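Novice: Below you'll find coords.csv; it's CSV, C-alpha atoms and all ligand atoms.
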chain,number,residue,atom,x,y,z
A,5,MET,CA,0.0,0.0,0.0
A,6,ASN,CA,1.3,3.5,-0.8
A,7,ARG,CA,1.8,5.6,2.2
A,8,SER,CA,-0.2,8.5,0.7
A,9,THR,CA,-3.3,6.3,1.3
A,10,THR,CA,-2.5,5.7,5.0
A,11,ASP,CA,-1.9,7.9,8.0
A,12,ARG,CA,1.2,6.2,9.2
A,13,ASP,CA,4.6,7.9,9.5
A,14,THR,CA,6.6,5.2,7.8
A,15,LEU,CA,7.3,4.0,4.2
A,16,ILE,CA,6.3,0.4,5.0
A,17,SER,CA,3.7,-1.0,7.4
A,18,ALA,CA,4.4,-2.5,10.8
A,19,ALA,CA,3.7,-6.0,9.4
A,20,GLU,CA,6.1,-5.5,6.5
A,21,ASN,CA,8.7,-4.1,9.0
A,22,ARG,CA,8.4,-7.2,11.2
A,23,ALA,CA,8.7,-9.6,8.2
A,24,MET,CA,11.7,-7.6,7.0
A,25,PHE,CA,13.6,-7.8,10.4
A,26,ASP,CA,12.6,-11.5,10.8
A,27,ARG,CA,14.2,-12.1,7.3
A,28,ILE,CA,17.5,-10.3,8.0
A,29,ALA,CA,17.9,-11.2,11.7
A,30,LYS,CA,20.7,-13.8,11.1
A,31,HIS,CA,22.9,-11.4,9.2
A,32,TYR,CA,21.8,-8.2,11.0
A,33,ASP,CA,24.9,-7.8,13.3
A,34,ALA,CA,27.4,-8.4,10.5
A,35,ALA,CA,25.7,-6.0,8.2
A,36,ASN,CA,25.4,-3.4,10.9
A,37,ARG,CA,29.1,-3.5,11.6
A,38,ALA,CA,30.0,-3.4,8.0
A,39,ILE,CA,27.7,-0.5,7.0
A,40,SER,CA,28.6,1.6,10.0
A,41,LEU,CA,32.3,0.9,9.5
A,42,GLY,CA,32.4,-0.5,13.0
A,43,MET,CA,31.1,2.9,14.5
A,44,ASP,CA,27.8,1.4,15.7
A,45,ARG,CA,29.5,0.2,18.9
A,46,VAL,CA,30.8,3.7,19.7
A,47,TRP,CA,27.3,5.3,19.1
A,48,ARG,CA,25.6,2.7,21.3
A,49,ARG,CA,28.2,3.4,24.1
A,50,ARG,CA,27.5,7.1,23.9
A,51,THR,CA,23.7,6.5,23.9
A,52,VAL,CA,23.9,4.6,27.1
A,53,GLN,CA,26.2,7.1,28.7
A,54,VAL,CA,23.6,9.8,28.0
A,55,MET,CA,21.0,7.7,29.8
A,56,GLN,CA,23.4,7.3,32.7
A,57,PRO,CA,22.4,3.9,34.1
A,58,VAL,CA,22.9,3.6,37.9
A,59,SER,CA,23.6,0.5,40.1
A,60,GLY,CA,20.4,-1.6,40.6
A,61,GLY,CA,18.4,0.5,38.1
A,62,ARG,CA,15.7,-1.0,35.8
A,63,TYR,CA,16.0,-0.1,32.1
A,64,LEU,CA,14.1,-0.7,28.9
A,65,ASP,CA,15.5,-1.0,25.3
A,66,VAL,CA,12.7,-0.3,22.8
A,67,GLY,CA,13.2,-2.1,19.4
A,68,THR,CA,16.1,-4.0,20.9
A,69,GLY,CA,16.6,-6.2,17.9
A,70,THR,CA,19.6,-8.4,18.5
A,71,GLY,CA,20.1,-6.8,22.0
A,72,ASP,CA,23.3,-4.8,21.6
A,73,LEU,CA,22.0,-1.8,23.6
A,74,VAL,CA,20.9,-4.1,26.4
A,75,PHE,CA,24.4,-5.6,26.6
A,76,GLU,CA,25.9,-2.1,26.6
A,77,ILE,CA,23.7,-1.1,29.5
A,78,LEU,CA,25.0,-4.2,31.4
A,79,ARG,CA,28.6,-3.3,30.4
A,80,GLN,CA,28.1,0.2,32.0
A,81,SER,CA,26.1,-1.0,35.0
A,82,SER,CA,26.6,-4.7,35.6
A,83,ASP,CA,23.8,-5.1,38.3
A,84,ALA,CA,21.1,-3.3,36.2
A,85,VAL,CA,17.9,-5.2,35.3
A,86,VAL,CA,17.1,-4.7,31.6
A,87,ASP,CA,14.1,-5.5,29.4
A,88,GLY,CA,14.4,-5.5,25.6
A,89,ILE,CA,11.2,-5.5,23.5
A,90,ASP,CA,10.7,-5.9,19.8
A,91,PRO,CA,8.0,-7.1,17.5
A,92,SER,CA,10.4,-9.4,15.6
A,93,GLU,CA,10.7,-12.9,17.0
A,94,GLN,CA,13.7,-13.7,14.9
A,95,MET,CA,15.7,-10.7,16.1
A,96,LEU,CA,14.8,-11.5,19.7
A,97,ALA,CA,15.9,-15.2,19.2
A,98,ILE,CA,19.4,-13.9,18.3
A,99,ALA,CA,19.3,-11.5,21.3
A,100,ARG,CA,18.4,-14.4,23.6
A,101,MET,CA,21.2,-16.6,22.2
A,102,LYS,CA,23.7,-13.8,22.7
A,103,ALA,CA,22.6,-13.2,26.3
A,104,GLY,CA,22.9,-17.0,27.0
A,105,ARG,CA,26.4,-17.0,25.5
A,106,ARG,CA,27.4,-14.0,27.6
A,107,GLY,CA,26.0,-15.6,30.8
A,108,GLU,CA,23.7,-12.5,31.1
A,109,ASP,CA,20.4,-14.3,30.7
A,110,LYS,CA,19.5,-13.8,34.4
A,111,SER,CA,19.6,-10.0,34.2
A,112,VAL,CA,17.7,-9.5,31.0
A,113,SER,CA,14.3,-10.3,29.6
A,114,PHE,CA,13.6,-10.1,25.9
A,115,PHE,CA,10.0,-10.2,24.8
A,116,VAL,CA,7.7,-9.3,21.9
A,117,ALA,CA,6.0,-5.9,22.3
A,118,ASP,CA,5.3,-2.8,20.2
A,119,ALA,CA,6.5,0.7,21.1
A,120,MET,CA,3.1,2.1,20.3
A,121,GLU,CA,1.4,-0.1,23.0
A,122,LEU,CA,3.8,-1.0,25.8
A,123,PRO,CA,2.5,-3.7,28.1
A,124,MET,CA,4.1,-2.2,31.3
A,125,GLU,CA,2.6,-0.1,34.0
A,126,ALA,CA,3.3,3.6,34.3
A,127,ASP,CA,6.5,4.8,36.0
A,128,THR,CA,8.3,1.4,35.6
A,129,TYR,CA,11.8,2.3,34.3
A,130,ASP,CA,14.7,4.5,35.5
A,131,GLY,CA,15.7,5.0,31.9
A,132,ILE,CA,14.8,4.0,28.3
A,133,VAL,CA,17.0,3.7,25.2
A,134,SER,CA,16.1,2.9,21.6
A,135,GLY,CA,18.6,2.4,18.8
A,136,PHE,CA,17.8,2.8,15.0
A,137,CYS,CA,14.2,1.8,15.8
A,138,PHE,CA,12.2,5.1,16.0
A,139,ARG,CA,12.5,5.6,12.2
A,140,ASN,CA,10.5,2.3,11.8
A,141,ILE,CA,7.6,3.1,14.0
A,142,GLU,CA,4.3,3.6,12.3
A,143,ARG,CA,3.0,6.2,14.8
A,144,ARG,CA,6.0,7.9,16.3
A,145,GLN,CA,4.3,10.5,18.5
A,146,LYS,CA,2.2,7.7,20.1
A,147,ALA,CA,5.4,5.7,20.8
A,148,LEU,CA,7.0,8.8,22.5
A,149,GLU,CA,3.9,9.2,24.7
A,150,GLU,CA,4.0,5.5,25.6
A,151,MET,CA,7.8,5.6,26.4
A,152,ARG,CA,7.2,8.7,28.6
A,153,ARG,CA,4.3,6.9,30.4
A,154,VAL,CA,6.5,3.9,31.4
A,155,LEU,CA,9.4,6.1,32.4
A,156,LYS,CA,9.8,7.0,36.1
A,157,PRO,CA,9.8,10.7,37.0
A,158,GLY,CA,13.4,11.8,36.8
A,159,GLY,CA,14.2,9.2,34.2
A,160,ARG,CA,15.5,9.8,30.7
A,161,LEU,CA,14.6,8.6,27.2
A,162,VAL,CA,17.5,8.4,24.8
A,163,ILE,CA,16.9,7.6,21.1
A,164,LEU,CA,19.8,6.9,18.7
A,165,GLU,CA,18.8,7.3,15.1
A,166,ALA,CA,20.4,7.6,11.6
A,167,THR,CA,19.6,11.0,10.1
A,168,TYR,CA,20.0,12.7,6.8
A,169,PRO,CA,22.8,15.3,7.2
A,170,GLU,CA,22.0,19.0,7.2
A,171,SER,CA,25.2,20.2,5.7
A,172,VAL,CA,25.4,20.4,1.9
A,173,LEU,CA,29.0,19.3,1.9
A,174,VAL,CA,28.4,16.3,4.1
A,175,ARG,CA,25.4,15.4,1.9
A,176,LEU,CA,27.8,15.2,-1.1
A,177,GLY,CA,29.9,12.5,0.8
A,178,TYR,CA,26.7,10.8,2.0
A,179,ARG,CA,25.4,10.6,-1.5
A,180,CYS,CA,28.6,8.9,-2.6
A,181,TYR,CA,28.5,6.4,0.2
A,182,THR,CA,24.8,5.4,0.4
A,183,PRO,CA,24.7,3.5,-3.0
A,184,LEU,CA,27.1,1.1,-1.4
A,185,VAL,CA,24.8,0.3,1.5
A,186,PRO,CA,22.3,-1.9,-0.4
A,187,LEU,CA,25.2,-3.7,-2.1
A,188,VAL,CA,26.8,-4.5,1.2
A,189,GLY,CA,23.4,-5.5,2.6
A,190,ARG,CA,22.7,-7.8,-0.4
A,191,LEU,CA,26.2,-9.4,-0.1
A,192,LEU,CA,25.4,-10.2,3.5
A,193,GLY,CA,22.0,-11.7,2.7
A,194,GLY,CA,19.8,-8.7,3.5
A,195,GLY,CA,18.1,-8.5,0.0
A,196,SER,CA,16.2,-5.2,-0.5
A,197,ALA,CA,16.1,-4.4,3.3
A,198,TYR,CA,19.2,-2.1,3.0
A,199,LYS,CA,17.6,-0.1,0.1
A,200,TYR,CA,14.8,0.6,2.6
A,201,LEU,CA,17.3,1.6,5.2
A,202,VAL,CA,18.6,4.4,2.9
A,203,ASP,CA,15.1,5.5,1.8
A,204,SER,CA,13.8,5.5,5.4
A,205,ILE,CA,16.7,7.7,6.5
A,206,GLU,CA,16.0,10.3,3.8
A,207,ASP,CA,12.3,10.1,4.7
A,208,PHE,CA,12.9,10.6,8.4
A,209,PRO,CA,12.0,14.1,9.9
A,210,ARG,CA,14.8,16.7,10.4
A,211,PRO,CA,16.3,16.7,13.9
A,212,VAL,CA,14.4,19.9,14.9
A,213,THR,CA,11.1,18.2,14.2
A,214,VAL,CA,12.1,15.2,16.3
A,215,THR,CA,13.0,17.4,19.3
A,216,ASP,CA,9.7,19.2,18.8
A,217,MET,CA,7.9,15.8,19.0
A,218,PHE,CA,9.8,15.0,22.3
A,219,SER,CA,8.5,18.3,23.7
A,220,ALA,CA,5.0,17.7,22.4
A,221,ALA,CA,5.0,14.3,24.3
A,222,GLY,CA,5.8,16.2,27.5
A,223,PHE,CA,9.6,15.6,27.8
A,224,SER,CA,11.7,18.3,29.4
A,225,HIS,CA,15.4,19.2,28.8
A,226,VAL,CA,15.2,17.9,25.2
A,227,GLN,CA,18.5,17.7,23.4
A,228,CYS,CA,19.9,16.5,20.1
A,229,ARG,CA,23.6,15.5,19.9
A,230,MET,CA,24.8,15.1,16.4
A,231,LEU,CA,27.5,12.4,15.7
A,232,ASN,CA,29.3,11.4,12.6
A,233,MET,CA,28.8,14.8,10.9
A,234,GLY,CA,25.1,14.7,11.5
A,235,THR,CA,24.5,11.3,9.9
A,236,VAL,CA,23.6,10.0,13.4
A,237,CYS,CA,21.8,11.8,16.2
A,238,ILE,CA,21.2,11.0,19.9
A,239,PHE,CA,17.9,12.6,21.0
A,240,SER,CA,17.1,12.8,24.7
A,241,GLY,CA,14.5,14.1,27.0
A,242,GLY,CA,13.6,13.8,30.7
A,243,LYS,CA,10.4,13.1,32.6
B,1,LIG,C1,17.4,-1.4,12.8
B,1,LIG,S1,16.9,-2.5,14.1
B,1,LIG,C2,17.8,-1.9,15.5
B,1,LIG,C3,18.0,-2.9,16.5
B,1,LIG,C4,18.8,-2.5,17.7
B,1,LIG,N1,18.1,-1.5,18.5
B,1,LIG,C5,20.2,-2.0,17.3
B,1,LIG,O1,20.6,-1.0,17.9
B,1,LIG,O2,20.9,-2.7,16.5
B,1,LIG,C6,15.2,-1.8,14.4
B,1,LIG,C7,14.4,-2.7,15.3
B,1,LIG,O3,13.2,-2.0,15.6
B,1,LIG,C8,12.2,-2.9,15.7
B,1,LIG,N2,10.9,-2.2,15.6
B,1,LIG,C9,10.3,-1.8,14.4
B,1,LIG,N3,9.1,-1.3,14.7
B,1,LIG,C10,9.0,-1.3,16.1
B,1,LIG,C11,7.9,-1.0,17.0
B,1,LIG,N4,6.8,-0.4,16.5
B,1,LIG,N5,8.1,-1.2,18.3
B,1,LIG,C12,9.3,-1.7,18.7
B,1,LIG,N6,10.3,-2.1,17.9
B,1,LIG,C13,10.1,-1.9,16.6
B,1,LIG,C14,12.5,-3.9,14.5
B,1,LIG,O4,11.8,-5.1,14.7
B,1,LIG,C15,14.0,-4.0,14.6
B,1,LIG,O5,14.4,-5.1,15.4
Now that the file is in, can you turn its structure into structure tokens?
Ligand SMILES: C[S@@+](CC[C@H](N)C(=O)[O-])C[C@H]1O[C@@H](n2cnc3c(N)ncnc32)[C@H](O)[C@@H]1O
Specialist:
Amino acid sequence: MNRSTTDRDTLISAAENRAMFDRIAKHYDAANRAISLGMDRVWRRRTVQVMQPVSGGRYLDVGTGTGDLVFEILRQSSDAVVDGIDPSEQMLAIARMKAGRRGEDKSVSFFVADAMELPMEADTYDGIVSGFCFRNIERRQKALEEMRRVLKPGGRLVILEATYPESVLVRLGYRCYTPLVPLVGRLLGGGSAYKYLVDSIEDFPRPVTVTDMFSAAGFSHVQCRMLNMGTVCIFSGGK
């Protein structure tokens, strides 16, 4: 279905999104590392640092995928309790396997849920992170409101997302690099998913629109930190 006939924010539907991530789950980590030139680890580390996990805190990773942000939270705060949610069973299967291998399966729970309708009570988490997921959510404002609802007062939501660069010069470099992304994705077994990745980044709202959405959802102290010359942003807001 063409998006012009729907009121969703995304290029593809939630069902198409879930099927796509189920399909690429096995190769997701390798493709991620290759496409980001290994920088994704640095961006995740920075994202969790912005959330500032504390000893004994309870945290949520929305759109956890294969769980790397969950593992980064545990790296920075080893006695934290972390939930990772995602609609894709296949992505979660990889996350659970990684947790088992790392011996961290006692401190984490991975389960199927959707950011637009979180199955937790209000004021549950000390902090929430979400990496490269927000772009894929059909109704992003609703998801922000849900994430704020389950955050405890004083907690912080931190969203890591790929963004289309603002600078004309950086856009030139970006335009040279992005045709390679679907090629790398295809080589690693991702089919057309990595063409969608590029298209969805260009379709994603500008950073100032995202910070306005945070404010409209009721977040305070809203910030956007640009990384990698504006091709990646860390958005944050407090409750
Ligand atoms: C690009 S992956 C990112 C995975 C992981 N956060 C990371 O940093 O590598 C995006 C993830 O968001 C999930 N996702 C898409 N729509 C979602 C929604 N409405 N609610 C929660 N997760 C969603 C997808 O299933 C997928 O696993």
Novice: Could you list, with a cut-off of 10 Å and counting only C-alpha atoms, the residues of range 113-180 of chain A near range 226-235 of chain A, each shown with its nearest atom pair and the distance in Å rounded to one decimal, rows sorted by chain and ascending number, as JSON lines?
Specialist:
{"residue": "A:Arg160", "atom": "CA", "partner": "A:Val226", "partner_atom": "CA", "distance": 9.8}
{"residue": "A:Leu161", "atom": "CA", "partner": "A:Val226", "partner_atom": "CA", "distance": 9.5}
{"residue": "A:Val162", "atom": "CA", "partner": "A:Gln227", "partner_atom": "CA", "distance": 9.5}
{"residue": "A:Ile163", "atom": "CA", "partner": "A:Cys228", "partner_atom": "CA", "distance": 9.4}
{"residue": "A:Leu164", "atom": "CA", "partner": "A:Arg229", "partner_atom": "CA", "distance": 9.5}
{"residue": "A:Glu165", "atom": "CA", "partner": "A:Thr235", "partner_atom": "CA", "distance": 8.7}
{"residue": "A:Ala166", "atom": "CA", "partner": "A:Thr235", "partner_atom": "CA", "distance": 5.8}
{"residue": "A:Thr167", "atom": "CA", "partner": "A:Thr235", "partner_atom": "CA", "distance": 4.9}
{"residue": "A:Tyr168", "atom": "CA", "partner": "A:Thr235", "partner_atom": "CA", "distance": 5.6}
{"residue": "A:Pro169", "atom": "CA", "partner": "A:Gly234", "partner_atom": "CA", "distance": 4.9}
{"residue": "A:Glu170", "atom": "CA", "partner": "A:Gly234", "partner_atom": "CA", "distance": 6.8}
{"residue": "A:Ser171", "atom": "CA", "partner": "A:Gly234", "partner_atom": "CA", "distance": 8.0}
{"residue": "A:Val174", "atom": "CA", "partner": "A:Met233", "partner_atom": "CA", "distance": 7.0}
{"residue": "A:Arg175", "atom": "CA", "partner": "A:Thr235", "partner_atom": "CA", "distance": 9.0}
{"residue": "A:Tyr178", "atom": "CA", "partner": "A:Thr235", "partner_atom": "CA", "distance": 8.2}
Novice: Mind checking which residues fall within 6 Å of Gly69 in chain A, counting all atoms listed in the file, ignoring those fewer than 2 positions away in the same chain, and posting them as a list of chain:residue names?
Specialist: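 Result of the neighbour search: A:Gly67, A:Gly71, A:Met95, A:Leu96.
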Novice: Which residues are close to range 46-62 of chain A, i.e. within 10 Å by all atoms listed in the file, leaving aside same-chain residues fewer than 5 positions away? Reply as a ChimeraX atom specification.
Specialist: /A:40,72-87,111-112,128-135,156,159-165,229,231-232,236-242
Novice: Out of A:Gly193, A:Ser219, A:Cys137, A:Thr182, which residue has the shortest atom-to-atom distance to Glu206 in chain A when counting only C-alpha atoms?
Specialist: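 Ranked by minimum distance to Glu206 in chain A, first place goes to A:Thr182.
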Novice: Could you tell me, counting only C-alpha atoms and all ligand atoms, which protein and nucleic acid residues lie no more than 9 Å from ligand LIG 1 (chain B), written as JSON, numbers by chain?
Specialist: {"A": [18, 19, 21, 22, 23, 24, 25, 26, 29, 32, 33, 36, 44, 48, 65, 66, 67, 68, 69, 70, 71, 72, 73, 74, 88, 89, 90, 91, 92, 93, 94, 95, 96, 116, 117, 118, 119, 120, 121, 122, 133, 134, 135, 136, 137, 138, 139, 140, 141, 142, 143, 144, 147, 164, 165, 201]}
Novice: Can you write just those residues out, C-alpha atoms, as a compact mmCIF listing (two decimals), keeping the file's coordinate frame?
Specialist:
# COMPACT_ATOMS: atom_id res chain seq x y z
CA ALA A 18 4.40 -2.50 10.80
CA ALA A 19 3.70 -6.00 9.40
CA ASN A 21 8.70 -4.10 9.00
CA ARG A 22 8.40 -7.20 11.20
CA ALA A 23 8.70 -9.60 8.20
CA MET A 24 11.70 -7.60 7.00
CA PHE A 25 13.60 -7.80 10.40
CA ASP A 26 12.60 -11.50 10.80
CA ALA A 29 17.90 -11.20 11.70
CA TYR A 32 21.80 -8.20 11.00
CA ASP A 33 24.90 -7.80 13.30
CA ASN A 36 25.40 -3.40 10.90
CA ASP A 44 27.80 1.40 15.70
CA ARG A 48 25.60 2.70 21.30
CA ASP A 65 15.50 -1.00 25.30
CA VAL A 66 12.70 -0.30 22.80
CA GLY A 67 13.20 -2.10 19.40
CA THR A 68 16.10 -4.00 20.90
CA GLY A 69 16.60 -6.20 17.90
CA THR A 70 19.60 -8.40 18.50
CA GLY A 71 20.10 -6.80 22.00
CA ASP A 72 23.30 -4.80 21.60
CA LEU A 73 22.00 -1.80 23.60
CA VAL A 74 20.90 -4.10 26.40
CA GLY A 88 14.40 -5.50 25.60
CA ILE A 89 11.20 -5.50 23.50
CA ASP A 90 10.70 -5.90 19.80
CA PRO A 91 8.00 -7.10 17.50
CA SER A 92 10.40 -9.40 15.60
CA GLU A 93 10.70 -12.90 17.00
CA GLN A 94 13.70 -13.70 14.90
CA MET A 95 15.70 -10.70 16.10
CA LEU A 96 14.80 -11.50 19.70
CA VAL A 116 7.70 -9.30 21.90
CA ALA A 117 6.00 -5.90 22.30
CA ASP A 118 5.30 -2.80 20.20
CA ALA A 119 6.50 0.70 21.10
CA MET A 120 3.10 2.10 20.30
CA GLU A 121 1.40 -0.10 23.00
CA LEU A 122 3.80 -1.00 25.80
CA VAL A 133 17.00 3.70 25.20
CA SER A 134 16.10 2.90 21.60
CA GLY A 135 18.60 2.40 18.80
CA PHE A 136 17.80 2.80 15.00
CA CYS A 137 14.20 1.80 15.80
CA PHE A 138 12.20 5.10 16.00
CA ARG A 139 12.50 5.60 12.20
CA ASN A 140 10.50 2.30 11.80
CA ILE A 141 7.60 3.10 14.00
CA GLU A 142 4.30 3.60 12.30
CA ARG A 143 3.00 6.20 14.80
CA ARG A 144 6.00 7.90 16.30
CA ALA A 147 5.40 5.70 20.80
CA LEU A 164 19.80 6.90 18.70
CA GLU A 165 18.80 7.30 15.10
CA LEU A 201 17.30 1.60 5.20
Novice: Separation of CA of Leu148 in chain A and CA of Met217 in chain A, in Å?
Specialist: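 Computing the Euclidean distance for CA of Leu148 in chain A and CA of Met217 in chain A yields 7.9 Å.
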Novice: So that I can check the surroundings of Ala35 in chain A, please list as a JSON list (two decimals) with C-alpha atoms, keeping the file's coordinate frame every protein, DNA and RNA residue that reaches within 12 Å of it, counting only C-alpha atoms and ignoring chain neighbours fewer than 5 positions away.
Specialist:
[["chain", "number", "residue", "atom", "x", "y", "z"],
["A", 28, "ILE", "CA", 17.50, -10.30, 8.00],
["A", 29, "ALA", "CA", 17.90, -11.20, 11.70],
["A", 30, "LYS", "CA", 20.70, -13.80, 11.10],
["A", 40, "SER", "CA", 28.60, 1.60, 10.00],
["A", 41, "LEU", "CA", 32.30, 0.90, 9.50],
["A", 42, "GLY", "CA", 32.40, -0.50, 13.00],
["A", 44, "ASP", "CA", 27.80, 1.40, 15.70],
["A", 185, "VAL", "CA", 24.80, 0.30, 1.50],
["A", 186, "PRO", "CA", 22.30, -1.90, -0.40],
["A", 187, "LEU", "CA", 25.20, -3.70, -2.10],
["A", 188, "VAL", "CA", 26.80, -4.50, 1.20],
["A", 189, "GLY", "CA", 23.40, -5.50, 2.60],
["A", 190, "ARG", "CA", 22.70, -7.80, -0.40],
["A", 191, "LEU", "CA", 26.20, -9.40, -0.10],
["A", 192, "LEU", "CA", 25.40, -10.20, 3.50],
["A", 193, "GLY", "CA", 22.00, -11.70, 2.70],
["A", 194, "GLY", "CA", 19.80, -8.70, 3.50],
["A", 195, "GLY", "CA", 18.10, -8.50, 0.00],
["A", 197, "ALA", "CA", 16.10, -4.40, 3.30],
["A", 198, "TYR", "CA", 19.20, -2.10, 3.00],
["A", 201, "LEU", "CA", 17.30, 1.60, 5.20]]
Novice: As a list in words, please: the residues near Asp127 in chain A (cut-off 7 Å, all atoms listed in the file, same-chain neighbours under 6 positions excluded).
Specialist: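 So, after excluding close chain neighbours, the residues are Arg153, Val154, Leu155, Lys156 and Pro157 of chain A.
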Novice: Record the distance separating CA of Pro211 in chain A and CA of Ser196 in chain A, expressed in Å with one decimal.
Specialist: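 Atom-to-atom, CA of Pro211 in chain A and CA of Ser196 in chain A are spaced 26.2 Å apart.
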Novice: One decimal, Å: what's the distance from CA of Lys102 in chain A over to CA of Arg27 in chain A, could you say?
Specialist: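 Separation between CA of Lys102 in chain A and CA of Arg27 in chain A: 18.2 Å.
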Novice: When distances are computed from all atoms listed in the file, which of A:Ala103, A:Leu64, A:Met151, A:Ala34 shows the smallest separation from Phe218 in chain A?
Specialist: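 Ranking A:Ala103, A:Leu64, A:Met151, A:Ala34 by distance to Phe218 in chain A, first place goes to A:Met151.
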Novice: For each of A:Gly158, A:Lys146, A:Met124, A:Pro183, take the minimum atom-to-atom distance to Tyr200 in chain A, counting all atoms listed in the file, then give the residue where this is smallest.
Specialist: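 Closest residue, counting all atoms listed in the file: A:Pro183.
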Novice: I need the residue nearest Thr213 in chain A from this list: A:Arg106, A:Ala99, A:Ala126, A:Gln145. Use all atoms listed in the file for the distance.
Specialist: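 Of A:Arg106, A:Ala99, A:Ala126, A:Gln145, the one nearest Thr213 in chain A is A:Gln145, counting all atoms listed in the file.
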